[in-house]
>>> print(open('protein21.tsv').read())   # TSV, C-alpha atoms and all ligand atoms
chain	number	residue	atom	x	y	z
A	1	MET	CA	30.19	85.56	206.40
A	2	SER	CA	31.57	83.65	203.36
A	3	ALA	CA	32.52	79.97	203.44
A	4	HIS	CA	36.13	81.12	203.01
A	5	THR	CA	36.16	83.29	206.14
A	6	HIS	CA	38.11	81.77	208.99
A	7	ILE	CA	36.30	82.07	212.32
A	8	PRO	CA	38.88	82.48	215.11
A	9	VAL	CA	38.63	79.71	217.70
A	10	LEU	CA	38.38	80.39	221.47
A	11	LEU	CA	38.76	84.11	220.74
A	12	GLN	CA	37.74	85.56	224.10
A	13	GLU	CA	39.65	82.87	226.00
A	14	THR	CA	42.78	83.59	223.93
A	15	ILE	CA	42.71	87.33	224.61
A	16	GLU	CA	42.23	86.66	228.33
A	17	ALA	CA	44.99	84.04	228.44
A	18	LEU	CA	47.38	86.41	226.65
A	19	ALA	CA	46.42	89.14	229.17
A	20	VAL	CA	46.54	91.65	226.31
A	21	GLN	CA	47.34	95.18	227.59
A	22	PRO	CA	47.35	98.58	225.86
A	23	GLY	CA	50.83	99.34	224.49
A	24	GLY	CA	51.94	95.68	224.56
A	25	ARG	CA	53.93	93.86	221.89
A	26	TYR	CA	52.48	90.59	220.66
A	27	ILE	CA	53.45	87.92	218.17
A	28	ASP	CA	50.86	85.90	216.30
A	29	CYS	CA	52.94	83.00	214.96
A	30	THR	CA	50.01	81.62	212.93
A	31	LEU	CA	48.40	84.69	211.44
A	32	GLY	CA	45.96	82.83	209.13
A	33	GLY	CA	43.01	85.09	208.30
A	34	GLY	CA	44.04	87.61	210.98
A	35	GLY	CA	41.03	87.01	213.28
A	36	HIS	CA	42.99	86.60	216.53
A	37	ALA	CA	45.41	89.31	215.38
A	38	ALA	CA	42.58	91.85	214.93
A	39	ALA	CA	41.29	91.16	218.45
A	40	ILE	CA	44.81	91.48	219.92
A	41	LEU	CA	45.28	94.81	218.11
A	42	ASP	CA	41.91	96.09	219.36
A	43	ARG	CA	42.69	95.20	222.94
A	44	SER	CA	46.33	96.45	222.86
A	45	SER	CA	45.33	99.85	221.52
A	46	PRO	CA	46.59	102.53	222.02
A	47	GLY	CA	50.23	101.80	221.29
A	48	GLY	CA	50.06	98.03	220.84
A	49	GLN	CA	52.20	96.34	218.18
A	50	LEU	CA	51.79	93.00	216.49
A	51	LEU	CA	54.25	90.86	214.57
A	52	GLY	CA	52.24	88.43	212.43
A	53	ILE	CA	53.93	85.37	210.96
A	54	ASP	CA	52.59	82.86	208.46
A	55	ALA	CA	54.39	80.37	206.23
A	56	ASP	CA	51.64	80.66	203.63
A	57	PRO	CA	51.92	83.75	201.39
A	58	GLU	CA	48.16	83.61	200.69
A	59	ALA	CA	47.46	83.92	204.43
A	60	ILE	CA	49.70	86.98	204.63
A	61	ARG	CA	47.80	88.58	201.72
A	62	ALA	CA	44.40	87.84	203.31
A	63	ALA	CA	45.49	89.05	206.74
A	64	ARG	CA	47.05	92.23	205.33
A	65	ALA	CA	43.69	93.12	203.73
A	66	ARG	CA	41.77	92.33	206.93
A	67	LEU	CA	44.18	94.27	209.15
A	68	GLU	CA	44.43	97.33	206.89
A	69	ALA	CA	42.97	99.60	209.55
A	70	TYR	CA	45.88	98.74	211.88
A	71	SER	CA	48.63	99.15	209.27
A	72	SER	CA	50.78	101.42	211.46
A	73	SER	CA	50.82	98.86	214.31
A	74	ILE	CA	51.57	95.67	212.40
A	75	LEU	CA	54.51	93.92	210.82
A	76	LEU	CA	53.46	90.89	208.76
A	77	VAL	CA	56.09	88.46	207.56
A	78	ASN	CA	55.89	85.43	205.32
A	79	GLU	CA	58.18	83.12	207.29
A	80	ASN	CA	58.05	79.80	209.10
A	81	PHE	CA	57.68	80.03	212.88
A	82	VAL	CA	60.50	77.49	213.25
A	83	ASP	CA	62.73	80.60	212.80
A	84	LEU	CA	60.89	82.61	215.45
A	85	GLU	CA	63.95	83.80	217.35
A	86	ALA	CA	65.80	84.83	214.17
A	87	ILE	CA	62.67	86.66	212.95
A	88	CYS	CA	62.42	88.67	216.20
A	89	ILE	CA	66.11	89.52	216.01
A	90	LYS	CA	65.92	90.43	212.33
A	91	TYR	CA	62.99	92.82	212.86
A	92	ASP	CA	64.18	93.95	216.30
A	93	PHE	CA	60.80	92.95	217.77
A	94	LEU	CA	61.64	92.69	221.45
A	95	PRO	CA	60.52	92.72	224.27
A	96	VAL	CA	57.49	90.48	223.74
A	97	HIS	CA	54.47	90.52	226.07
A	98	GLY	CA	52.60	87.64	224.49
A	99	ILE	CA	53.04	84.95	221.85
A	100	LEU	CA	50.19	83.03	220.24
A	101	PHE	CA	50.21	79.77	218.27
A	102	ASP	CA	46.84	78.75	216.78
A	103	LEU	CA	47.99	75.58	215.06
A	104	GLY	CA	46.78	73.69	212.02
A	105	LEU	CA	45.12	75.11	208.95
A	106	SER	CA	42.71	77.96	208.36
A	107	SER	CA	39.38	77.66	206.53
A	108	LEU	CA	41.03	79.64	203.73
A	109	GLN	CA	43.46	76.77	203.19
A	110	LEU	CA	40.97	73.93	203.73
A	111	ASN	CA	38.46	75.48	201.35
A	112	ASN	CA	41.03	76.32	198.69
A	113	GLN	CA	40.41	73.54	196.21
A	114	GLY	CA	43.88	73.65	194.66
A	115	ARG	CA	46.02	72.99	197.77
A	116	GLY	CA	45.30	69.32	198.36
A	117	PHE	CA	44.66	69.68	202.12
A	118	SER	CA	41.05	68.49	201.98
A	119	PHE	CA	39.81	65.04	201.01
A	120	GLN	CA	36.52	66.62	199.95
A	121	HIS	CA	37.85	68.31	196.80
A	122	ASP	CA	39.80	66.76	193.96
A	123	ALA	CA	43.21	68.45	193.70
A	124	PRO	CA	46.87	67.62	193.23
A	125	LEU	CA	48.26	66.01	196.40
A	126	ASP	CA	50.39	68.97	197.42
A	127	MET	CA	49.78	69.99	201.09
A	128	ARG	CA	52.74	72.40	201.32
A	129	LEU	CA	52.14	75.56	203.35
A	130	SER	CA	54.40	77.37	200.91
A	131	SER	CA	55.44	76.56	197.34
A	132	SER	CA	59.03	77.33	198.41
A	133	GLN	CA	59.11	73.96	200.22
A	134	GLU	CA	60.53	71.18	198.05
A	135	VAL	CA	58.67	68.04	199.11
A	136	THR	CA	54.95	67.56	198.39
A	137	ALA	CA	52.56	64.86	199.60
A	138	THR	CA	52.74	63.32	196.10
A	139	ASP	CA	56.53	62.91	196.54
A	140	ILE	CA	56.07	61.17	199.89
A	141	ILE	CA	53.26	58.89	198.69
A	142	ASN	CA	55.12	57.79	195.57
A	143	THR	CA	58.68	57.47	196.81
A	144	SER	CA	58.40	56.01	200.33
A	145	SER	CA	58.67	52.26	200.83
A	146	GLU	CA	55.55	50.42	202.06
A	147	THR	CA	57.05	50.13	205.56
A	148	GLU	CA	58.03	53.81	205.67
A	149	LEU	CA	54.56	54.84	204.53
A	150	ALA	CA	52.82	52.60	207.07
A	151	HIS	CA	55.07	53.93	209.83
A	152	LEU	CA	54.37	57.54	208.81
A	153	ILE	CA	50.58	57.02	208.70
A	154	LYS	CA	50.67	55.26	212.06
A	155	THR	CA	52.94	57.77	213.80
A	156	TYR	CA	51.50	61.03	212.48
A	157	GLY	CA	47.91	59.89	211.94
A	158	GLU	CA	47.54	57.40	214.81
A	159	GLU	CA	45.78	55.28	212.17
A	160	GLY	CA	45.17	51.68	213.27
A	161	SER	CA	44.91	50.40	209.69
A	162	SER	CA	48.13	52.05	208.48
A	163	TYR	CA	49.64	48.83	207.10
A	164	LYS	CA	46.52	48.00	205.07
A	165	ILE	CA	46.42	51.54	203.65
A	166	ALA	CA	50.15	51.62	202.82
A	167	HIS	CA	49.90	48.22	201.12
A	168	ARG	CA	47.00	49.32	198.91
A	169	VAL	CA	48.65	52.65	198.04
A	170	VAL	CA	51.94	51.02	197.06
A	171	GLN	CA	50.11	48.52	194.81
A	172	GLU	CA	48.24	51.28	192.98
A	173	ARG	CA	50.79	54.07	192.67
A	174	PRO	CA	51.55	56.49	191.15
A	175	ILE	CA	48.92	58.47	193.06
A	176	THR	CA	48.82	62.18	192.34
A	177	THR	CA	45.42	63.50	193.42
A	178	THR	CA	43.45	63.71	196.66
A	179	LEU	CA	40.44	61.71	195.43
A	180	GLN	CA	42.68	58.96	194.04
A	181	LEU	CA	44.16	58.61	197.52
A	182	VAL	CA	40.71	58.69	199.15
A	183	ARG	CA	39.62	55.83	196.84
A	184	MET	CA	42.68	53.75	197.82
A	185	ILE	CA	41.98	54.32	201.53
A	186	GLU	CA	38.31	53.37	201.13
A	187	GLN	CA	39.31	50.22	199.24
A	188	ALA	CA	41.74	49.34	202.05
A	189	VAL	CA	39.55	50.02	205.09
A	190	GLY	CA	35.95	50.48	203.90
A	191	ARG	CA	33.84	53.59	203.47
A	192	ARG	CA	33.03	55.00	206.90
A	193	ARG	CA	33.98	54.22	210.47
A	194	GLY	CA	32.03	56.18	213.08
A	195	ARG	CA	32.03	59.96	212.74
A	196	LEU	CA	35.44	60.19	211.11
A	197	HIS	CA	35.92	59.94	207.36
A	198	PRO	CA	38.33	57.03	206.73
A	199	ALA	CA	40.82	59.39	205.03
A	200	THR	CA	41.03	61.87	207.96
A	201	LYS	CA	44.00	60.30	209.73
A	202	THR	CA	46.04	59.56	206.60
A	203	PHE	CA	45.58	63.14	205.36
A	204	GLN	CA	46.62	64.46	208.77
A	205	ALA	CA	49.73	62.24	208.71
A	206	LEU	CA	50.79	63.41	205.25
A	207	ARG	CA	50.26	67.08	206.11
A	208	ILE	CA	52.35	66.72	209.28
A	209	ALA	CA	55.13	65.00	207.35
A	210	VAL	CA	55.17	67.46	204.43
A	211	ASN	CA	55.37	70.49	206.74
A	212	HIS	CA	57.49	68.94	209.57
A	213	GLU	CA	54.74	70.17	211.85
A	214	LEU	CA	55.70	68.45	215.09
A	215	ASP	CA	59.45	69.19	214.91
A	216	HIS	CA	58.79	72.80	214.00
A	217	LEU	CA	56.28	73.20	216.81
A	218	GLU	CA	58.67	71.91	219.46
A	219	THR	CA	61.55	74.06	218.20
A	220	ALA	CA	59.39	77.18	218.00
A	221	LEU	CA	57.86	76.71	221.47
A	222	LYS	CA	61.32	76.50	223.05
A	223	GLN	CA	62.34	79.71	221.28
A	224	ALA	CA	59.07	81.41	222.27
A	225	ILE	CA	59.69	80.73	225.98
A	226	ASN	CA	63.07	82.46	225.73
A	227	LEU	CA	61.65	85.48	223.93
A	228	LEU	CA	59.00	86.31	226.52
A	229	GLY	CA	59.58	89.30	228.76
A	230	CYS	CA	58.75	89.54	232.46
A	231	GLU	CA	55.24	88.03	232.98
A	232	GLY	CA	54.94	87.54	229.20
A	233	ARG	CA	52.32	84.99	228.17
A	234	LEU	CA	52.55	81.99	225.82
A	235	VAL	CA	49.22	80.70	224.47
A	236	VAL	CA	48.86	77.66	222.26
A	237	ILE	CA	45.69	76.27	220.65
A	238	SER	CA	46.15	72.76	219.28
A	239	TYR	CA	43.76	70.55	217.33
A	240	HIS	CA	44.99	66.97	217.72
A	241	SER	CA	46.60	64.87	220.40
A	242	LEU	CA	50.09	64.80	218.84
A	243	GLU	CA	50.33	68.60	218.92
A	244	ASP	CA	48.71	68.86	222.34
A	245	ARG	CA	51.12	66.30	223.83
A	246	ILE	CA	54.12	68.41	222.78
A	247	VAL	CA	52.59	71.60	224.22
A	248	LYS	CA	51.48	69.93	227.46
A	249	GLN	CA	54.80	68.15	228.09
A	250	LEU	CA	56.92	71.22	227.37
A	251	MET	CA	54.78	73.55	229.50
A	252	GLN	CA	54.71	71.05	232.37
A	253	GLN	CA	58.46	70.47	232.20
A	254	GLU	CA	59.21	74.19	232.05
A	255	SER	CA	56.99	74.87	235.04
A	256	ARG	CA	59.00	72.51	237.30
A	257	ASP	CA	62.15	73.29	239.24
A	258	CYS	CA	63.49	69.76	238.98
A	259	ILE	CA	63.06	67.35	236.10
A	260	CYS	CA	65.11	64.46	237.50
A	261	PRO	CA	63.53	61.03	236.90
A	262	PRO	CA	61.32	59.77	239.75
A	263	GLY	CA	63.31	57.97	242.44
A	264	VAL	CA	66.43	60.18	242.25
A	265	PRO	CA	66.97	61.06	245.96
A	266	THR	CA	68.45	64.56	245.43
A	267	CYS	CA	68.15	66.77	242.41
A	268	VAL	CA	71.04	66.46	239.96
A	269	CYS	CA	69.49	68.22	236.96
A	270	GLY	CA	69.68	71.79	238.26
A	271	HIS	CA	66.65	72.67	236.12
A	272	LYS	CA	64.85	75.88	237.07
A	273	ALA	CA	61.21	76.57	236.19
A	274	SER	CA	60.87	79.24	233.51
A	275	LEU	CA	57.04	79.19	233.29
A	276	ARG	CA	53.98	79.29	235.51
A	277	LEU	CA	50.94	77.46	234.16
A	278	ILE	CA	47.92	79.76	233.77
A	279	ASN	CA	45.33	77.04	233.33
A	280	LYS	CA	46.10	73.70	234.99
A	281	LYS	CA	43.16	72.18	233.10
A	282	VAL	CA	43.06	72.57	229.35
A	283	ILE	CA	40.51	75.10	227.99
A	284	THR	CA	38.10	73.80	225.34
A	285	PRO	CA	35.29	75.50	223.35
A	286	SER	CA	31.78	75.72	224.78
A	287	PRO	CA	29.00	73.64	223.17
A	288	THR	CA	27.65	76.91	221.70
A	289	GLU	CA	30.99	77.69	220.02
A	290	VAL	CA	31.21	74.15	218.61
A	291	GLN	CA	27.68	74.49	217.26
A	292	LEU	CA	28.47	77.84	215.62
A	293	ASN	CA	31.90	76.72	214.37
A	294	PRO	CA	32.22	72.91	214.11
A	295	ARG	CA	35.93	73.28	213.22
A	296	SER	CA	36.56	74.37	216.82
A	297	ARG	CA	35.44	71.01	218.25
A	298	SER	CA	38.88	69.51	218.85
A	299	ALA	CA	40.56	72.75	220.03
A	300	LYS	CA	42.60	72.75	223.26
A	301	LEU	CA	44.07	75.93	224.70
A	302	ARG	CA	47.04	75.92	227.07
A	303	ALA	CA	48.67	79.03	228.49
A	304	ALA	CA	51.67	79.84	230.63
A	305	GLU	CA	53.42	82.93	231.98
A	306	SER	CA	57.15	83.58	231.92
A	307	LEU	CA	58.91	83.61	235.30
A	308	ILE	CA	61.85	85.59	234.00
A	309	THR	CA	62.76	88.48	236.32
A	310	GLN	CA	63.24	92.09	235.15
A	311	ASP	CA	67.04	91.77	235.62
A	312	GLU	CA	67.31	88.50	233.76
A	313	TYR	CA	65.03	89.88	231.11
A	314	TYR	CA	67.13	93.01	230.48
A	315	ARG	CA	70.19	90.79	230.16
A	316	THR	CA	68.56	88.53	227.55
A	317	ALA	CA	67.03	91.49	225.73
A	318	GLU	CA	70.46	93.12	225.60
A	319	GLU	CA	71.94	89.93	224.12
A	320	HIS	CA	69.13	89.81	221.57
A	321	ARG	CA	69.70	93.46	220.67
A	322	PHE	CA	73.42	92.81	220.12
A	323	LEU	CA	72.57	89.91	217.85
A	324	ALA	CA	70.17	92.14	215.92
A	325	GLN	CA	72.91	94.74	215.54
A	326	LEU	CA	75.37	92.10	214.43
A	327	ASN	CA	72.85	90.87	211.94
A	328	ALA	CA	72.39	94.32	210.51
A	329	GLU	CA	75.94	95.63	210.74
A	330	GLY	CA	78.23	92.61	210.54
A	331	TRP	CA	81.25	91.60	212.63
A	332	ARG	CA	83.78	93.88	211.04
A	333	ARG	CA	82.79	97.14	212.78
A	334	PRO	CA	85.37	97.94	215.47
A	335	ALA	CA	82.95	100.12	217.47
A	336	LEU	CA	80.46	97.27	217.63
A	337	LEU	CA	83.15	94.79	218.67
A	338	LYS	CA	84.23	97.15	221.46
A	339	LYS	CA	80.62	97.37	222.66
A	340	LEU	CA	80.36	93.58	222.58
A	341	ARG	CA	83.53	93.18	224.64
A	342	VAL	CA	82.19	95.55	227.29
A	343	ALA	CA	78.81	93.80	227.29
A	344	PHE	CA	80.20	90.30	227.66
A	345	SER	CA	82.53	91.39	230.47
A	346	MET	CA	79.39	92.66	232.26
A	347	PHE	CA	77.60	89.32	231.96
A	401	LIG	C1	44.38	77.86	212.29
A	401	LIG	S1	45.17	78.96	211.22
A	401	LIG	C2	45.27	80.44	212.16
A	401	LIG	C3	44.01	81.25	212.10
A	401	LIG	C4	44.13	82.59	212.79
A	401	LIG	N1	44.38	82.45	214.21
A	401	LIG	C5	42.88	83.44	212.57
A	401	LIG	O1	42.23	83.82	213.54
A	401	LIG	O2	42.55	83.72	211.43
A	401	LIG	C6	46.84	78.42	211.25
A	401	LIG	C7	47.78	79.21	210.36
A	401	LIG	O3	49.11	78.87	210.75
A	401	LIG	C8	49.92	78.79	209.62
A	401	LIG	N2	51.04	77.91	209.95
A	401	LIG	C9	51.01	76.59	210.24
A	401	LIG	N3	52.25	76.14	210.48
A	401	LIG	C10	53.08	77.22	210.37
A	401	LIG	C11	54.48	77.40	210.52
A	401	LIG	N4	55.30	76.37	210.84
A	401	LIG	N5	55.00	78.63	210.35
A	401	LIG	C12	54.18	79.68	210.04
A	401	LIG	N6	52.86	79.57	209.85
A	401	LIG	C13	52.31	78.36	210.03
A	401	LIG	C14	49.01	78.22	208.54
A	401	LIG	O4	49.50	78.57	207.26
A	401	LIG	C15	47.67	78.88	208.87
A	401	LIG	O5	47.48	80.05	208.12
>>> encode(input="protein21.tsv", output="structure tokens", more="lines below")
Ligand SMILES: C[S@@+](CC[C@H](N)C(=O)[O-])C[C@H]1O[C@@H](n2cnc3c(N)ncnc32)[C@H](O)[C@@H]1O
Amino acid sequence: MSAHTHIPVLLQETIEALAVQPGGRYIDCTLGGGGHAAAILDRSSPGGQLLGIDADPEAIRAARARLEAYSSSILLVNENFVDLEAICIKYDFLPVHGILFDLGLSSLQLNNQGRGFSFQHDAPLDMRLSSSQEVTATDIINTSSETELAHLIKTYGEEGSSYKIAHRVVQERPITTTLQLVRMIEQAVGRRRGRLHPATKTFQALRIAVNHELDHLETALKQAINLLGCEGRLVVISYHSLEDRIVKQLMQQESRDCICPPGVPTCVCGHKASLRLINKKVITPSPTEVQLNPRSRSAKLRAAESLITQDEYYRTAEEHRFLAQLNAEGWRRPALLKKLRVAFSMF
């Protein structure tokens, strides 16, 4: 296996949590090197279908090569999962039996010396998942005020020395490469603290900011819940506490019938649970997996099942199908408008 191969994390646990069945339709929102996707396709054969999404065009290329043997069962799209619902409507990929998010970066991206994700290689400070995004890490580092930078490093990196780092960076800018930034961080906080490299948290913060990772995750998870069919499964693997908090809070909230604040005598929110938690305790890799693949060490898997009923599901699917038709055919078709009128009078 080459250093550039991405080893899928918690593979067996993911397939079990997704309850992959022959003939099912699955979405891998973070296709990466296609490792999880290949296992889903194996297990869903015969008849399974997979929609693979990745914001990084290089990931799509790598996954397409890896998944060549399944070409008649896959649809791979170079899009951002923040548009998950629109993507499903556009490609008419409904109903969905399982949706996977394996967050973060793949080894392909971390080992690619030109992308600026790793503090171990010298490269332009870029960190964009796709070159179609406008703002790079260099832009953020060189145009933010000292306070903004410190706030960003603290919030997205949970870095205790964010003010010291921001102060040093602002004094020394412009900063345009990864190793220049690493040097500034080391000058601000010293060379090594415990097991973590001193640049780890600042690099994480910049990557989150450049790619709007937390906002996009929350938006996409809410869409994913609404796209699941009856007993459809949502599985999320996260790699740091900021991601995991979003997943945990959303799954917990969506698995409760009432989300009124504590102390409210009778429910006023009217919230209805839309999910059932599959694993109450988070699933983490075994010591053997961590030994074989050290990048798995911080992984946390959470899974939930949709509580939508068949009837409710058909209604939502019908709405989605109308939207897909509208997308494809436009509003001006009288026959379609007539169909819509009939449909909405039914609902
Ligand atoms: C950890 S890797 C996935 C690895 C994959 N499960 C495998 O087995 O090879 C995460 C992937 O998600 C992609 N990604 C991260 N954020 C994304 C987003 N908002 N939209 C689409 N893809 C995203 C990254 O480009 C990366 O390729």
>>> closest_residue(input="protein21.tsv", among="A:Val170, A:Ile99, A:Ala38, A:Cys230", to="Asp311 in chain A", atoms="all atoms listed in the file")
A:Cys230
>>> atom_distance(input="protein21.tsv", atom1="CA of Ile208 in chain A", atom2="CA of Gln253 in chain A")
24.0 Å
>>> residues_around(input="protein21.tsv", residues="Arg43 in chain A", least_positions_apart="2", cutoff="12 Å", atoms="all atoms listed in the file", output="tab-separated table (two decimals) with C-alpha atoms, keeping the file's coordinate frame")
chain	number	residue	atom	x	y	z
A	11	LEU	CA	38.76	84.11	220.74
A	12	GLN	CA	37.74	85.56	224.10
A	14	THR	CA	42.78	83.59	223.93
A	15	ILE	CA	42.71	87.33	224.61
A	16	GLU	CA	42.23	86.66	228.33
A	18	LEU	CA	47.38	86.41	226.65
A	19	ALA	CA	46.42	89.14	229.17
A	20	VAL	CA	46.54	91.65	226.31
A	21	GLN	CA	47.34	95.18	227.59
A	22	PRO	CA	47.35	98.58	225.86
A	23	GLY	CA	50.83	99.34	224.49
A	24	GLY	CA	51.94	95.68	224.56
A	25	ARG	CA	53.93	93.86	221.89
A	26	TYR	CA	52.48	90.59	220.66
A	36	HIS	CA	42.99	86.60	216.53
A	37	ALA	CA	45.41	89.31	215.38
A	38	ALA	CA	42.58	91.85	214.93
A	39	ALA	CA	41.29	91.16	218.45
A	40	ILE	CA	44.81	91.48	219.92
A	41	LEU	CA	45.28	94.81	218.11
A	45	SER	CA	45.33	99.85	221.52
A	46	PRO	CA	46.59	102.53	222.02
A	47	GLY	CA	50.23	101.80	221.29
A	48	GLY	CA	50.06	98.03	220.84
A	49	GLN	CA	52.20	96.34	218.18
A	50	LEU	CA	51.79	93.00	216.49
>>> residues_near_ligand(input="protein21.tsv", ligand="ligand LIG 401 (chain A)", cutoff="7 Å", atoms="all atoms listed in the file", output="PyMOL selection string")
chain A and resi 6-9+29-37+53-56+59+79-82+102-106+129+213+216-217
>>> residues_around(input="protein21.tsv", residues="Glu243 in chain A", least_positions_apart="3", cutoff="12 Å", atoms="only C-alpha atoms", output="MDAnalysis selection string")
chainID A and resid 101:104 156:157 204 208 212:218 221 236:240 246:250 298:302
>>> residues_around(input="protein21.tsv", residues="Arg297 in chain A", least_positions_apart="5", cutoff="10 Å", atoms="all atoms listed in the file", output="list in words")
Val9, Tyr239, Thr284, Pro285, Ser286, Pro287, Glu289, Val290 and Gln291 of chain A
>>> residues_around(input="protein21.tsv", residues="range 94-97 of chain A", least_positions_apart="3", cutoff="12 Å", atoms="only C-alpha atoms", output="number ranges by chain")
A: 17-28, 40, 44, 48-51, 84-91, 100, 224-235, 304-306, 308, 310, 313-324
>>> atom_distance(input="protein21.tsv", atom1="CA of Pro261 in chain A", atom2="CA of Lys280 in chain A")
21.6 Å
>>> closest_residue(input="protein21.tsv", among="A:Ile175, A:Ile140, A:Ala65, A:Ile60", to="Val77 in chain A", atoms="only C-alpha atoms")
A:Ile60
>>> residues_around(input="protein21.tsv", residues="range 188-190 of chain A", least_positions_apart="4", cutoff="7 Å", atoms="all atoms listed in the file", output="MDAnalysis selection string")
chainID A and resid 164:165 168 184
>>> atom_distance(input="protein21.tsv", atom1="CA of Val135 in chain A", atom2="CA of Ala150 in chain A")
18.3 Å
>>> decode(input="protein21.tsv", residues="range 144-163 of chain A", atoms="C-alpha atoms", output="mmCIF file, in the first residue's frame")
data_model
loop_
_atom_site.group_PDB
_atom_site.id
_atom_site.type_symbol
_atom_site.label_atom_id
_atom_site.label_comp_id
_atom_site.auth_asym_id
_atom_site.auth_seq_id
_atom_site.Cartn_x
_atom_site.Cartn_y
_atom_site.Cartn_z
ATOM 1 C CA SER A 144 -7.437 39.537 9.332
ATOM 2 C CA SER A 145 -6.816 41.885 12.246
ATOM 3 C CA GLU A 146 -4.805 40.533 15.199
ATOM 4 C CA THR A 147 -7.993 40.189 17.271
ATOM 5 C CA GLU A 148 -9.875 38.430 14.464
ATOM 6 C CA LEU A 149 -6.987 36.026 13.940
ATOM 7 C CA ALA A 150 -6.665 35.255 17.651
ATOM 8 C CA HIS A 151 -10.414 34.676 17.885
ATOM 9 C CA LEU A 152 -10.360 32.359 14.855
ATOM 10 C CA ILE A 153 -7.425 30.300 16.184
ATOM 11 C CA LYS A 154 -9.077 30.054 19.594
ATOM 12 C CA THR A 155 -12.549 29.175 18.321
ATOM 13 C CA TYR A 156 -11.674 26.738 15.540
ATOM 14 C CA GLY A 157 -8.420 25.385 16.978
ATOM 15 C CA GLU A 158 -9.215 25.511 20.712
ATOM 16 C CA GLU A 159 -5.656 26.847 20.984
ATOM 17 C CA GLY A 160 -4.822 28.277 24.420
ATOM 18 C CA SER A 161 -1.995 30.454 23.073
ATOM 19 C CA SER A 162 -4.035 31.986 20.234
ATOM 20 C CA TYR A 163 -3.273 35.595 21.217
#
